[in-house]
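Coordinates as given in start01.cif (mmCIF, C-alpha atoms):
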data_start
#
loop_
_atom_site.label_atom_id
_atom_site.label_comp_id
_atom_site.auth_asym_id
_atom_site.auth_seq_id
_atom_site.Cartn_x
_atom_site.Cartn_y
_atom_site.Cartn_z
CA MET A 488 -7.85 -73.90 17.20
CA ASN A 489 -10.42 -73.52 14.42
CA ASP A 490 -9.94 -71.42 11.26
CA PHE A 491 -11.44 -68.27 12.77
CA GLU A 492 -9.25 -68.51 15.85
CA GLU A 493 -6.19 -69.13 13.71
CA ILE A 494 -6.89 -66.05 11.56
CA ILE A 495 -7.55 -63.86 14.58
CA LYS A 496 -4.34 -65.07 16.22
CA LYS A 497 -2.36 -64.09 13.09
CA LEU A 498 -4.00 -60.65 13.00
CA ILE A 499 -3.40 -60.03 16.70
CA ASP A 500 0.23 -61.16 16.45
CA PHE A 501 0.73 -58.83 13.49
CA ARG A 502 -0.80 -55.95 15.42
CA ASN A 503 1.13 -56.60 18.61
CA GLU A 504 4.48 -56.85 16.83
CA ARG A 505 3.83 -53.26 15.70
CA ASP A 506 2.36 -52.03 18.98
CA TRP A 507 -0.81 -50.97 17.18
CA GLU A 508 -3.37 -52.00 19.77
CA GLN A 509 -3.35 -48.40 21.03
CA PHE A 510 -4.96 -47.30 17.72
CA HIS A 511 -7.47 -50.14 17.45
CA ASN A 512 -10.41 -48.79 19.40
CA PRO A 513 -13.85 -49.90 18.15
CA LYS A 514 -14.66 -46.58 16.47
CA ASP A 515 -11.46 -46.50 14.42
CA LEU A 516 -11.85 -50.17 13.52
CA ALA A 517 -15.36 -49.44 12.23
CA LEU A 518 -13.92 -46.47 10.36
CA ALA A 519 -11.20 -48.71 8.87
CA ILE A 520 -13.78 -51.24 7.68
CA THR A 521 -15.66 -48.45 5.89
CA VAL A 522 -12.50 -47.05 4.32
CA GLU A 523 -11.55 -50.50 3.03
CA ALA A 524 -15.09 -51.16 1.81
CA ALA A 525 -14.95 -47.94 -0.20
CA GLU A 526 -11.58 -48.97 -1.67
CA LEU A 527 -13.23 -52.19 -2.80
CA LEU A 528 -16.15 -50.20 -4.17
CA GLU A 529 -13.82 -47.91 -6.11
CA LEU A 530 -12.69 -50.92 -8.16
CA PHE A 531 -16.20 -50.92 -9.67
CA LEU A 532 -16.50 -47.18 -10.23
CA TRP A 533 -17.63 -46.20 -13.76
CA LYS A 534 -17.57 -49.91 -14.65
CA GLN A 535 -19.96 -52.65 -15.61
CA PRO A 536 -20.95 -54.89 -12.66
CA GLU A 537 -18.51 -57.67 -13.56
CA ASP A 538 -15.53 -55.59 -14.71
CA ALA A 539 -13.43 -55.10 -11.59
CA ASP A 540 -9.91 -56.50 -11.43
CA LYS A 541 -10.13 -59.76 -9.47
CA GLU A 542 -6.61 -59.50 -8.04
CA LYS A 543 -7.43 -56.09 -6.56
CA VAL A 544 -10.83 -57.27 -5.29
CA LYS A 545 -9.01 -60.05 -3.46
CA LYS A 546 -6.75 -57.63 -1.61
CA GLU A 547 -9.47 -55.15 -0.64
CA LEU A 548 -11.77 -57.93 0.49
CA ALA A 549 -8.93 -59.33 2.63
CA ASP A 550 -8.51 -55.91 4.28
CA ILE A 551 -12.22 -55.68 5.04
CA PHE A 552 -12.17 -59.16 6.58
CA ALA A 553 -9.06 -58.36 8.62
CA PHE A 554 -10.59 -55.31 10.29
CA ALA A 555 -13.96 -57.03 10.68
CA PHE A 556 -12.26 -59.95 12.44
CA LEU A 557 -10.39 -57.54 14.73
CA LEU A 558 -13.58 -55.68 15.62
CA ALA A 559 -15.42 -58.96 16.28
CA ASP A 560 -12.53 -59.99 18.53
CA LYS A 561 -12.68 -56.64 20.34
CA TYR A 562 -16.27 -57.37 21.34
CA GLY A 563 -15.65 -61.07 22.00
CA LEU A 564 -18.09 -62.06 19.25
CA ASP A 565 -18.18 -65.51 17.67
CA ILE A 566 -18.22 -64.75 13.95
CA LYS A 567 -19.92 -67.93 12.81
CA GLN A 568 -22.60 -67.55 15.44
CA ILE A 569 -23.41 -63.90 14.71
CA ILE A 570 -23.73 -64.60 10.98
CA LEU A 571 -26.01 -67.60 11.48
CA GLU A 572 -28.14 -65.66 13.99
CA LYS A 573 -28.47 -62.80 11.53
CA VAL A 574 -29.46 -65.15 8.70
CA GLU A 575 -32.19 -66.52 10.94
CA GLU A 576 -33.37 -63.03 11.86
CA ASN A 577 -33.39 -61.98 8.20
CA GLY A 578 -35.42 -65.08 7.42
CA ILE A 579 -38.21 -63.60 9.52
CA LYS A 580 -37.85 -60.10 8.03
CA TYR A 581 -37.79 -61.52 4.50
CA PRO A 582 -40.19 -64.50 4.28
CA PRO A 583 -39.47 -66.35 1.00
CA GLU A 584 -43.04 -66.10 -0.25
CA LYS A 585 -43.04 -62.29 0.11
CA ALA A 586 -39.41 -61.56 -0.75
CA ARG A 587 -39.01 -63.86 -3.74
CA GLY A 588 -37.61 -62.12 -6.77
CA THR A 589 -37.85 -58.61 -5.37
CA ALA A 590 -35.07 -56.34 -4.09
CA LYS A 591 -37.41 -54.33 -1.86
CA LYS A 592 -36.45 -53.65 1.74
CA TYR A 593 -38.37 -55.57 4.39
CA ASN A 594 -40.31 -52.46 5.42
CA GLU A 595 -41.61 -52.09 1.86
CA LEU A 596 -42.62 -55.72 1.27
CA MET B 1213 -17.42 -78.99 5.25
CA ASN B 1214 -15.42 -76.42 7.25
CA ASP B 1215 -16.90 -73.38 9.00
CA PHE B 1216 -16.46 -71.08 6.02
CA GLU B 1217 -18.13 -73.52 3.66
CA GLU B 1218 -20.97 -74.04 6.11
CA ILE B 1219 -21.60 -70.29 6.41
CA ILE B 1220 -21.47 -69.77 2.66
CA LYS B 1221 -23.88 -72.65 2.13
CA LYS B 1222 -26.36 -71.05 4.57
CA LEU B 1223 -26.04 -67.70 2.81
CA ILE B 1224 -26.47 -69.20 -0.65
CA ASP B 1225 -29.48 -71.26 0.47
CA PHE B 1226 -31.03 -68.12 1.96
CA ARG B 1227 -30.43 -66.24 -1.27
CA ASN B 1228 -31.71 -68.97 -3.55
CA GLU B 1229 -34.92 -69.48 -1.54
CA ARG B 1230 -35.65 -65.83 -2.37
CA ASP B 1231 -34.41 -65.94 -5.97
CA TRP B 1232 -32.00 -63.10 -5.23
CA GLU B 1233 -29.01 -64.27 -7.21
CA GLN B 1234 -30.16 -62.02 -10.06
CA PHE B 1235 -29.39 -58.97 -7.87
CA HIS B 1236 -26.07 -60.22 -6.49
CA ASN B 1237 -23.62 -59.08 -9.14
CA PRO B 1238 -20.14 -58.16 -7.84
CA LYS B 1239 -20.71 -54.40 -8.06
CA ASP B 1240 -23.92 -54.44 -6.03
CA LEU B 1241 -22.36 -56.81 -3.50
CA ALA B 1242 -19.46 -54.36 -3.05
CA LEU B 1243 -22.02 -51.60 -2.75
CA ALA B 1244 -23.91 -53.61 -0.11
CA ILE B 1245 -20.73 -54.15 1.92
CA THR B 1246 -20.13 -50.39 1.93
CA VAL B 1247 -23.71 -49.61 2.91
CA GLU B 1248 -23.51 -52.09 5.81
CA ALA B 1249 -20.08 -50.78 6.85
CA ALA B 1250 -21.53 -47.27 7.04
CA GLU B 1251 -24.44 -48.55 9.13
CA LEU B 1252 -21.89 -50.01 11.52
CA LEU B 1253 -20.01 -46.72 11.48
CA GLU B 1254 -23.16 -44.77 12.26
CA LEU B 1255 -23.35 -46.57 15.62
CA PHE B 1256 -20.22 -44.61 16.60
CA LEU B 1257 -21.31 -41.22 15.21
CA TRP B 1258 -20.96 -38.34 17.71
CA LYS B 1259 -19.79 -40.88 20.30
CA GLN B 1260 -16.67 -41.78 22.25
CA PRO B 1261 -14.69 -44.67 20.68
CA GLU B 1262 -16.07 -47.31 23.06
CA ASP B 1263 -19.68 -46.12 23.31
CA ALA B 1264 -21.50 -47.98 20.56
CA ASP B 1265 -24.29 -50.40 21.44
CA LYS B 1266 -22.75 -53.89 21.32
CA GLU B 1267 -25.99 -55.61 20.27
CA LYS B 1268 -26.28 -53.32 17.26
CA VAL B 1269 -22.60 -53.70 16.41
CA LYS B 1270 -23.14 -57.45 16.34
CA LYS B 1271 -25.91 -57.20 13.76
CA GLU B 1272 -24.17 -54.74 11.47
CA LEU B 1273 -20.95 -56.71 11.61
CA ALA B 1274 -22.89 -59.85 10.70
CA ASP B 1275 -24.32 -58.06 7.65
CA ILE B 1276 -20.86 -56.96 6.52
CA PHE B 1277 -19.57 -60.52 6.90
CA ALA B 1278 -22.53 -61.95 5.02
CA PHE B 1279 -22.03 -59.79 1.93
CA ALA B 1280 -18.24 -60.17 2.11
CA PHE B 1281 -18.66 -63.97 2.17
CA LEU B 1282 -21.02 -63.79 -0.81
CA LEU B 1283 -18.60 -61.64 -2.80
CA ALA B 1284 -15.68 -63.95 -1.94
CA ASP B 1285 -17.80 -66.87 -3.11
CA LYS B 1286 -18.65 -65.00 -6.35
CA TYR B 1287 -14.96 -64.81 -7.19
CA GLY B 1288 -14.18 -68.32 -5.91
CA LEU B 1289 -11.83 -66.93 -3.25
CA ASP B 1290 -10.69 -68.89 -0.21
CA ILE B 1291 -11.28 -66.46 2.64
CA LYS B 1292 -8.68 -67.87 5.02
CA GLN B 1293 -6.07 -67.90 2.31
CA ILE B 1294 -6.65 -64.33 1.08
CA ILE B 1295 -6.46 -62.96 4.62
CA LEU B 1296 -3.25 -64.82 5.43
CA GLU B 1297 -1.70 -63.73 2.12
CA LYS B 1298 -2.62 -60.12 2.82
CA VAL B 1299 -1.15 -60.30 6.34
CA GLU B 1300 2.09 -61.51 4.81
CA GLU B 1301 2.05 -58.75 2.20
CA ASN B 1302 1.36 -56.14 4.85
CA GLY B 1303 4.26 -57.51 6.87
CA ILE B 1304 6.55 -56.38 4.05
CA LYS B 1305 4.85 -52.98 3.66
CA TYR B 1306 4.95 -52.42 7.42
CA PRO B 1307 8.20 -53.86 8.83
CA PRO B 1308 7.87 -54.00 12.65
CA GLU B 1309 11.00 -51.94 13.28
CA LYS B 1310 9.70 -49.05 11.12
CA ALA B 1311 5.98 -49.33 11.85
CA ARG B 1312 6.13 -49.85 15.61
CA GLY B 1313 3.91 -47.48 17.54
CA THR B 1314 3.05 -45.28 14.58
CA ALA B 1315 -0.20 -45.04 12.63
CA LYS B 1316 1.48 -43.69 9.49
CA LYS B 1317 0.69 -45.25 6.12
CA TYR B 1318 3.42 -47.38 4.57
CA ASN B 1319 4.23 -44.72 1.97
CA GLU B 1320 4.96 -42.24 4.78
CA LEU B 1321 7.10 -44.50 6.97
CA MET C 951 -24.15 -12.38 2.23
CA ASN C 952 -23.80 -14.74 -0.74
CA ASP C 953 -25.66 -18.06 -1.13
CA PHE C 954 -22.92 -20.11 0.54
CA GLU C 955 -22.77 -17.77 3.53
CA GLU C 956 -26.54 -17.80 3.81
CA ILE C 957 -26.67 -21.62 3.84
CA ILE C 958 -23.86 -21.89 6.38
CA LYS C 959 -25.56 -19.35 8.60
CA LYS C 960 -28.79 -21.42 8.53
CA LEU C 961 -26.87 -24.60 9.38
CA ILE C 962 -24.93 -22.97 12.21
CA ASP C 963 -28.09 -21.42 13.65
CA PHE C 964 -29.79 -24.83 13.51
CA ARG C 965 -26.83 -26.42 15.26
CA ASN C 966 -26.49 -23.77 17.93
CA GLU C 967 -30.20 -23.81 18.81
CA ARG C 968 -29.65 -27.49 19.70
CA ASP C 969 -26.25 -26.99 21.39
CA TRP C 970 -24.71 -29.51 19.01
CA GLU C 971 -21.39 -27.80 18.36
CA GLN C 972 -19.88 -30.04 21.06
CA PHE C 973 -20.46 -33.07 18.78
CA HIS C 974 -19.30 -31.44 15.55
CA ASN C 975 -15.55 -32.08 15.63
CA PRO C 976 -13.93 -32.59 12.20
CA LYS C 977 -13.63 -36.38 12.54
CA ASP C 978 -17.31 -36.89 13.35
CA LEU C 979 -18.35 -34.48 10.61
CA ALA C 980 -16.29 -36.52 8.11
CA LEU C 981 -17.91 -39.63 9.53
CA ALA C 982 -21.37 -38.06 9.12
CA ILE C 983 -20.66 -37.19 5.48
CA THR C 984 -19.71 -40.83 4.83
CA VAL C 985 -22.79 -42.15 6.61
CA GLU C 986 -25.04 -39.85 4.56
CA ALA C 987 -23.19 -40.73 1.34
CA ALA C 988 -23.85 -44.42 2.02
CA GLU C 989 -27.54 -43.67 2.66
CA LEU C 990 -27.64 -42.02 -0.74
CA LEU C 991 -25.83 -45.00 -2.22
CA GLU C 992 -28.32 -47.42 -0.68
CA LEU C 993 -31.06 -45.85 -2.81
CA PHE C 994 -29.30 -47.41 -5.82
CA LEU C 995 -28.61 -50.84 -4.27
CA TRP C 996 -29.70 -53.77 -6.46
CA LYS C 997 -31.08 -51.26 -8.97
CA GLN C 998 -30.39 -50.06 -12.47
CA PRO C 999 -28.30 -46.84 -12.60
CA GLU C 1000 -31.33 -44.56 -13.15
CA ASP C 1001 -33.84 -46.23 -10.86
CA ALA C 1002 -33.44 -44.50 -7.52
CA ASP C 1003 -36.34 -42.54 -6.05
CA LYS C 1004 -35.67 -38.87 -6.84
CA GLU C 1005 -37.43 -37.56 -3.72
CA LYS C 1006 -35.18 -39.68 -1.50
CA VAL C 1007 -32.07 -38.76 -3.48
CA LYS C 1008 -32.94 -35.12 -2.84
CA LYS C 1009 -33.02 -35.59 0.91
CA GLU C 1010 -29.83 -37.65 1.18
CA LEU C 1011 -27.97 -35.26 -1.08
CA ALA C 1012 -29.13 -32.37 1.11
CA ASP C 1013 -27.72 -34.16 4.18
CA ILE C 1014 -24.37 -34.69 2.48
CA PHE C 1015 -24.22 -31.03 1.51
CA ALA C 1016 -25.18 -29.92 5.01
CA PHE C 1017 -22.34 -31.81 6.71
CA ALA C 1018 -19.89 -30.90 3.94
CA PHE C 1019 -20.75 -27.22 4.41
CA LEU C 1020 -20.28 -27.54 8.17
CA LEU C 1021 -16.89 -29.22 7.75
CA ALA C 1022 -15.77 -26.60 5.23
CA ASP C 1023 -16.83 -23.92 7.71
CA LYS C 1024 -14.90 -25.69 10.48
CA TYR C 1025 -11.70 -25.32 8.48
CA GLY C 1026 -12.56 -21.82 7.23
CA LEU C 1027 -12.59 -23.02 3.62
CA ASP C 1028 -14.22 -21.09 0.77
CA ILE C 1029 -16.29 -23.75 -0.98
CA LYS C 1030 -16.36 -22.13 -4.41
CA GLN C 1031 -12.61 -21.59 -4.31
CA ILE C 1032 -11.67 -25.12 -3.25
CA ILE C 1033 -13.85 -26.65 -5.98
CA LEU C 1034 -12.44 -24.41 -8.70
CA GLU C 1035 -8.87 -25.07 -7.50
CA LYS C 1036 -9.50 -28.81 -7.57
CA VAL C 1037 -10.98 -28.64 -11.07
CA GLU C 1038 -7.81 -26.90 -12.20
CA GLU C 1039 -5.61 -29.48 -10.49
CA ASN C 1040 -7.61 -32.31 -12.03
CA GLY C 1041 -7.20 -30.67 -15.41
CA ILE C 1042 -3.46 -31.31 -15.08
CA LYS C 1043 -3.90 -34.88 -13.83
CA TYR C 1044 -6.39 -35.64 -16.59
CA PRO C 1045 -5.33 -33.85 -19.79
CA PRO C 1046 -8.27 -33.99 -22.25
CA GLU C 1047 -6.24 -35.62 -25.00
CA LYS C 1048 -5.23 -38.53 -22.74
CA ALA C 1049 -8.37 -38.81 -20.63
CA ARG C 1050 -10.99 -38.49 -23.37
CA GLY C 1051 -13.54 -41.27 -23.31
CA THR C 1052 -11.75 -43.40 -20.73
CA ALA C 1053 -12.62 -43.95 -17.06
CA LYS C 1054 -9.04 -44.86 -16.10
CA LYS C 1055 -7.43 -43.25 -13.07
CA TYR C 1056 -4.75 -40.64 -13.79
CA ASN C 1057 -2.00 -43.02 -12.67
CA GLU C 1058 -3.11 -45.54 -15.31
CA LEU C 1059 -3.47 -43.13 -18.23
CA MET D 966 -25.18 -16.78 -13.27
CA ASN D 967 -24.96 -17.33 -9.51
CA ASP D 968 -22.12 -19.16 -7.72
CA PHE D 969 -23.79 -22.57 -7.93
CA GLU D 970 -24.47 -22.21 -11.63
CA GLU D 971 -20.92 -21.04 -12.23
CA ILE D 972 -19.47 -24.08 -10.41
CA ILE D 973 -21.74 -26.51 -12.20
CA LYS D 974 -20.82 -24.95 -15.54
CA LYS D 975 -17.11 -25.45 -14.78
CA LEU D 976 -17.70 -29.08 -13.77
CA ILE D 977 -19.80 -29.83 -16.84
CA ASP D 978 -17.26 -28.19 -19.14
CA PHE D 979 -14.49 -30.26 -17.53
CA ARG D 980 -16.54 -33.41 -18.00
CA ASN D 981 -17.52 -32.70 -21.57
CA GLU D 982 -13.97 -31.88 -22.65
CA ARG D 983 -13.12 -35.46 -21.60
CA ASP D 984 -16.28 -37.07 -22.97
CA TRP D 985 -17.09 -38.46 -19.53
CA GLU D 986 -20.84 -37.96 -19.49
CA GLN D 987 -21.21 -41.58 -20.60
CA PHE D 988 -19.83 -42.69 -17.20
CA HIS D 989 -21.78 -40.22 -15.07
CA ASN D 990 -25.02 -42.08 -14.49
CA PRO D 991 -26.69 -41.38 -11.11
CA LYS D 992 -25.60 -44.68 -9.53
CA ASP D 993 -21.92 -44.20 -10.33
CA LEU D 994 -22.07 -40.57 -9.22
CA ALA D 995 -23.49 -41.72 -5.87
CA LEU D 996 -20.76 -44.33 -5.74
CA ALA D 997 -18.14 -41.66 -6.47
CA ILE D 998 -19.45 -39.43 -3.67
CA THR D 999 -19.12 -42.36 -1.24
CA VAL D 1000 -15.61 -43.21 -2.44
CA GLU D 1001 -14.53 -39.59 -1.99
CA ALA D 1002 -16.23 -39.36 1.41
CA ALA D 1003 -14.26 -42.41 2.55
CA GLU D 1004 -11.04 -40.83 1.28
CA LEU D 1005 -11.85 -37.81 3.42
CA LEU D 1006 -12.61 -40.11 6.34
CA GLU D 1007 -9.31 -41.93 5.94
CA LEU D 1008 -7.51 -38.68 6.77
CA PHE D 1009 -8.88 -39.08 10.30
CA LEU D 1010 -8.19 -42.82 10.69
CA TRP D 1011 -6.34 -43.73 13.92
CA LYS D 1012 -6.19 -40.00 14.74
CA GLN D 1013 -7.56 -37.57 17.25
CA PRO D 1014 -10.66 -35.65 16.00
CA GLU D 1015 -8.69 -32.50 15.08
CA ASP D 1016 -5.52 -34.08 13.68
CA ALA D 1017 -6.21 -34.46 9.97
CA ASP D 1018 -4.05 -32.59 7.46
CA LYS D 1019 -6.03 -29.50 6.43
CA GLU D 1020 -4.57 -29.37 2.91
CA LYS D 1021 -5.69 -32.92 2.24
CA VAL D 1022 -9.12 -32.31 3.79
CA LYS D 1023 -9.53 -29.41 1.38
CA LYS D 1024 -8.92 -31.60 -1.66
CA GLU D 1025 -11.15 -34.48 -0.59
CA LEU D 1026 -13.94 -32.13 0.39
CA ALA D 1027 -13.66 -30.48 -3.03
CA ASP D 1028 -14.05 -33.89 -4.69
CA ILE D 1029 -17.15 -34.67 -2.64
CA PHE D 1030 -18.67 -31.32 -3.56
CA ALA D 1031 -17.83 -31.80 -7.23
CA PHE D 1032 -19.64 -35.14 -7.53
CA ALA D 1033 -22.51 -33.93 -5.33
CA PHE D 1034 -22.96 -30.90 -7.62
CA LEU D 1035 -22.93 -33.16 -10.68
CA LEU D 1036 -25.53 -35.48 -9.17
CA ALA D 1037 -27.73 -32.54 -8.15
CA ASP D 1038 -27.45 -31.24 -11.71
CA LYS D 1039 -28.37 -34.69 -13.08
CA TYR D 1040 -31.66 -34.53 -11.21
CA GLY D 1041 -32.22 -30.84 -11.90
CA LEU D 1042 -32.10 -30.02 -8.19
CA ASP D 1043 -31.54 -26.53 -6.82
CA ILE D 1044 -28.83 -27.07 -4.20
CA LYS D 1045 -29.66 -24.09 -2.02
CA GLN D 1046 -33.33 -24.99 -2.00
CA ILE D 1047 -32.87 -28.68 -1.12
CA ILE D 1048 -30.57 -27.80 1.79
CA LEU D 1049 -32.92 -25.18 3.19
CA GLU D 1050 -35.90 -27.55 2.81
CA LYS D 1051 -34.00 -30.29 4.64
CA VAL D 1052 -33.03 -27.93 7.46
CA GLU D 1053 -36.69 -27.10 7.88
CA GLU D 1054 -37.66 -30.76 7.86
CA ASN D 1055 -34.97 -31.58 10.40
CA GLY D 1056 -36.25 -28.76 12.57
CA ILE D 1057 -39.47 -30.72 12.95
CA LYS D 1058 -37.70 -34.04 13.57
CA TYR D 1059 -35.37 -32.44 16.10
CA PRO D 1060 -37.30 -29.80 18.09
CA PRO D 1061 -34.76 -27.69 20.01
CA GLU D 1062 -36.33 -28.37 23.39
CA LYS D 1063 -36.05 -32.14 22.94
CA ALA D 1064 -32.80 -32.32 20.96
CA ARG D 1065 -30.75 -29.80 22.92
CA GLY D 1066 -27.37 -31.15 23.99
CA THR D 1067 -28.07 -34.75 22.96
CA ALA D 1068 -26.71 -36.68 19.97
CA LYS D 1069 -29.63 -39.12 19.94
CA LYS D 1070 -31.40 -39.87 16.67
CA TYR D 1071 -34.86 -38.40 16.26
CA ASN D 1072 -36.51 -41.80 16.72
CA GLU D 1073 -34.86 -42.14 20.13
CA LEU D 1074 -35.65 -38.65 21.46
#

structure tokens encoding of this file:
Amino acid sequence: MNDFEEIIKKLIDFRNERDWEQFHNPKDLALAITVEAAELLELFLWKQPEDADKEKVKKELADIFAFAFLLADKYGLDIKQIILEKVEENGIKYPPEKARGTAKKYNEL
Amino acid sequence: MNDFEEIIKKLIDFRNERDWEQFHNPKDLALAITVEAAELLELFLWKQPEDADKEKVKKELADIFAFAFLLADKYGLDIKQIILEKVEENGIKYPPEKARGTAKKYNEL
Amino acid sequence: MNDFEEIIKKLIDFRNERDWEQFHNPKDLALAITVEAAELLELFLWKQPEDADKEKVKKELADIFAFAFLLADKYGLDIKQIILEKVEENGIKYPPEKARGTAKKYNEL
Amino acid sequence: MNDFEEIIKKLIDFRNERDWEQFHNPKDLALAITVEAAELLELFLWKQPEDADKEKVKKELADIFAFAFLLADKYGLDIKQIILEKVEENGIKYPPEKARGTAKKYNEL
């Protein structure tokens, strides 16, 4: 069992002990990810870019990961693989020579 | 190098080839996670809970993971550890005997 | 017909001409507001606080308002009244003498 | 003074009494709208589309409106006008005869 599988097993066990699978449809999991992302974001509200509380960031980030892992599991996705595939795809959308040093979106490069 | 380290290395290499570290402060990374989470969410808009396009879900989920990995790296966080710690913490907030079968928040249990 | 009623009438007419009421349940309207809010937010991603494109801000803000008006209408809420009530409530949570010049949340004042 | 102007005046007075203008740059206002939108969204998490608590919806919606009004004011935008303009624009993107009864995005019609 690799790290990803171990984490997902923990999350699924936690969920099943509480009989929560009934709530975990893909739409609500996506909704939960967004809600947690916004809770992370709130830690930066009205603040300088570096001034969030690291302990709180840690917890909100953990929540985002937890729901993202559960949604990936729902669709039978291999997390490492989908990230590496997306990096490759983005490499085509953002060629280094055109994208270097600019924050423009690929359709504006 | 474990899976997490390998993914982070790929993401950092990708970023550095484009000289994007200057944009990747914690606040904008949190903002990027939220933006990607909402793009995932949009795939479910006006739809039944199971009716999103799996191929698109895969890509949006990969984007969320990518920025979440980068933010974790920014703060030197060990992703596996923060998730497992949060699961444990949630186990106290949501004891199985009180939380079973209900979607209530811990402060309403 | 006041301005709010006139705007809501326009939005409802638009919706009904397309037979979209079937999609506009409260949950999806809340989801739509969040999706539009994140599209607004994306205009500021990787940028300085003042550097978004005003023309694009205008359009995303209009979308947020449109769905917020439709959700308010769904619940029969008077927009002016709920804002003024909330301002009053916030006045108690954030007394000027304690809240002046600080961005802290009311529970940290 | 019309309703919009009256609301904006109340919000600005509230802000100025607390010396908060320093925090209200456009980026953080957009961030605040998203945070409030996600708090609204959370009221629907794990629930059926109609099952949110109306009293709580009212408060979150008021918060969204408040920050949206403040951002509109920041850019000198006339709220009624930008909504009506966007409705017109959407009327072209979503012609009734093509959009009727479907939740597809305009680029998929």

Q: Please work out which residues fall within 8 Å of (-23.0, -46.1, -1.7), coordinates as given in the file, with all atoms listed in the file counting, and return them as a list in words.
A: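 I get Leu1243, Ala1244, Thr1246 and Val1247 of chain B; Ala987, Ala988, Glu989, Leu990, Leu991, Glu992, Phe994 and Leu995 of chain C; Ala995, Leu996, Ile998, Thr999 and Val1000 of chain D for the residues within 8 Å of that point.
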
Give me the segment 505-580 of chain A side of the contact with segment 1271-1289 of chain B, cut-off 8 Å, one line per residue showing its nearest atom pair and distance in Å at one decimal, counting only C-alpha atoms, sorted by chain and residue number, as a Markdown table.
| residue | atom | partner | partner_atom | distance |
| --- | --- | --- | --- | --- |
| A:Lys541 | CA | B:Tyr1287 | CA | 7.4 |
| A:Lys545 | CA | B:Leu1289 | CA | 7.4 |
| A:Leu548 | CA | B:Ala1280 | CA | 7.0 |
| A:Phe552 | CA | B:Phe1277 | CA | 7.5 |
| A:Ala555 | CA | B:Leu1273 | CA | 7.1 |
| A:Ala559 | CA | B:Leu1273 | CA | 7.6 |
| A:Ile566 | CA | B:Ala1274 | CA | 7.5 |
| A:Ile569 | CA | B:Ala1274 | CA | 5.7 |
| A:Ile570 | CA | B:Ala1274 | CA | 4.8 |
| A:Lys573 | CA | B:Ala1274 | CA | 6.4 |

For those residues, write C-alpha atoms to a file as a PDB file, in the coordinates of the input.
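Below is the file that was written, result.pdb:
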ATOM      1  CA  LYS A 541     -10.130 -59.760  -9.470  1.00  0.00           C
ATOM      2  CA  LYS A 545      -9.010 -60.050  -3.460  1.00  0.00           C
ATOM      3  CA  LEU A 548     -11.770 -57.930   0.490  1.00  0.00           C
ATOM      4  CA  PHE A 552     -12.170 -59.160   6.580  1.00  0.00           C
ATOM      5  CA  ALA A 555     -13.960 -57.030  10.680  1.00  0.00           C
ATOM      6  CA  ALA A 559     -15.420 -58.960  16.280  1.00  0.00           C
ATOM      7  CA  ILE A 566     -18.220 -64.750  13.950  1.00  0.00           C
ATOM      8  CA  ILE A 569     -23.410 -63.900  14.710  1.00  0.00           C
ATOM      9  CA  ILE A 570     -23.730 -64.600  10.980  1.00  0.00           C
ATOM     10  CA  LYS A 573     -28.470 -62.800  11.530  1.00  0.00           C
TER      11      LYS A 573
END

Q | Residues matched by the PyMOL selection byres ((chain B and resi 1214) around 12) as a PyMOL selection string | A | (chain A and resi 489-491+567) or (chain B and resi 1213+1215-1221+1290-1292)

Against segment 1237-1241 of chain B, which residues of segment 498-584 of chain A fall within 9 Å? For each one I want the closest pair of atoms and the distance in Å (one decimal), counting all atoms listed in the file, rows by chain and increasing residue number, as CSV.
residue,atom,partner,partner_atom,distance
A:Leu528,CA,B:Lys1239,CA,7.3
A:Leu530,CA,B:Lys1239,CA,8.7
A:Phe531,CA,B:Lys1239,CA,5.9
A:Leu532,CA,B:Lys1239,CA,8.6
A:Lys534,CA,B:Lys1239,CA,8.6
A:Gln535,CA,B:Lys1239,CA,7.8
A:Pro536,CA,B:Lys1239,CA,4.6
A:Glu537,CA,B:Pro1238,CA,6.0
A:Asp538,CA,B:Lys1239,CA,8.5
A:Ala539,CA,B:Lys1239,CA,8.1

Q. Between A:Lys592, A:Lys543, A:Lys585, A:Lys580, which one has atoms that come closest to Asp1231 of chain B, using all atoms listed in the file?
A. A:Lys585

Q. Hey, can you check how far atom CA of Gly1303 of chain B sits from atom CA of Asp540 of chain A?
A. 23.2 Å

**Q.** Proximity to chain A - best of D:His989, D:Val1022, D:Pro1060, D:Ile977, all atoms listed in the file
**A.**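 Of D:His989, D:Val1022, D:Pro1060, D:Ile977, the one nearest chain A, counting all atoms listed in the file, is D:His989.
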
(Q) Using all atoms listed in the file for the distances, tell me which of D:Glu1053, D:Asp978, D:Phe988, D:Arg1065 is nearest to chain C. (A)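 For chain C, the nearest of the given residues is D:Arg1065.
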
Q) So, counting only C-alpha atoms, which residue among B:Leu1321, B:Arg1230, B:Glu1309, B:Ile1304 is closest to chain A? A) B:Arg1230

Q | Atomic separation - atom CA of Trp1258 of chain B relative to atom CA of Glu1320 of chain B, Å | A |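 Atom CA of Trp1258 of chain B lies at a distance of 29.2 Å from atom CA of Glu1320 of chain B.
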
(Q) To one decimal place in Å, what is the distance between atom CA of Leu1049 of chain D and atom CA of Gln1031 of chain C? (A)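 One can read the atom CA of Leu1049 of chain D to atom CA of Gln1031 of chain C distance as 21.9 Å.
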
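With all atoms listed in the file as the atoms that count, the residue of C:Asn1040, C:Asn966, C:Thr1052, C:Gln972 with the shortest distance to chain A is C:Thr1052.
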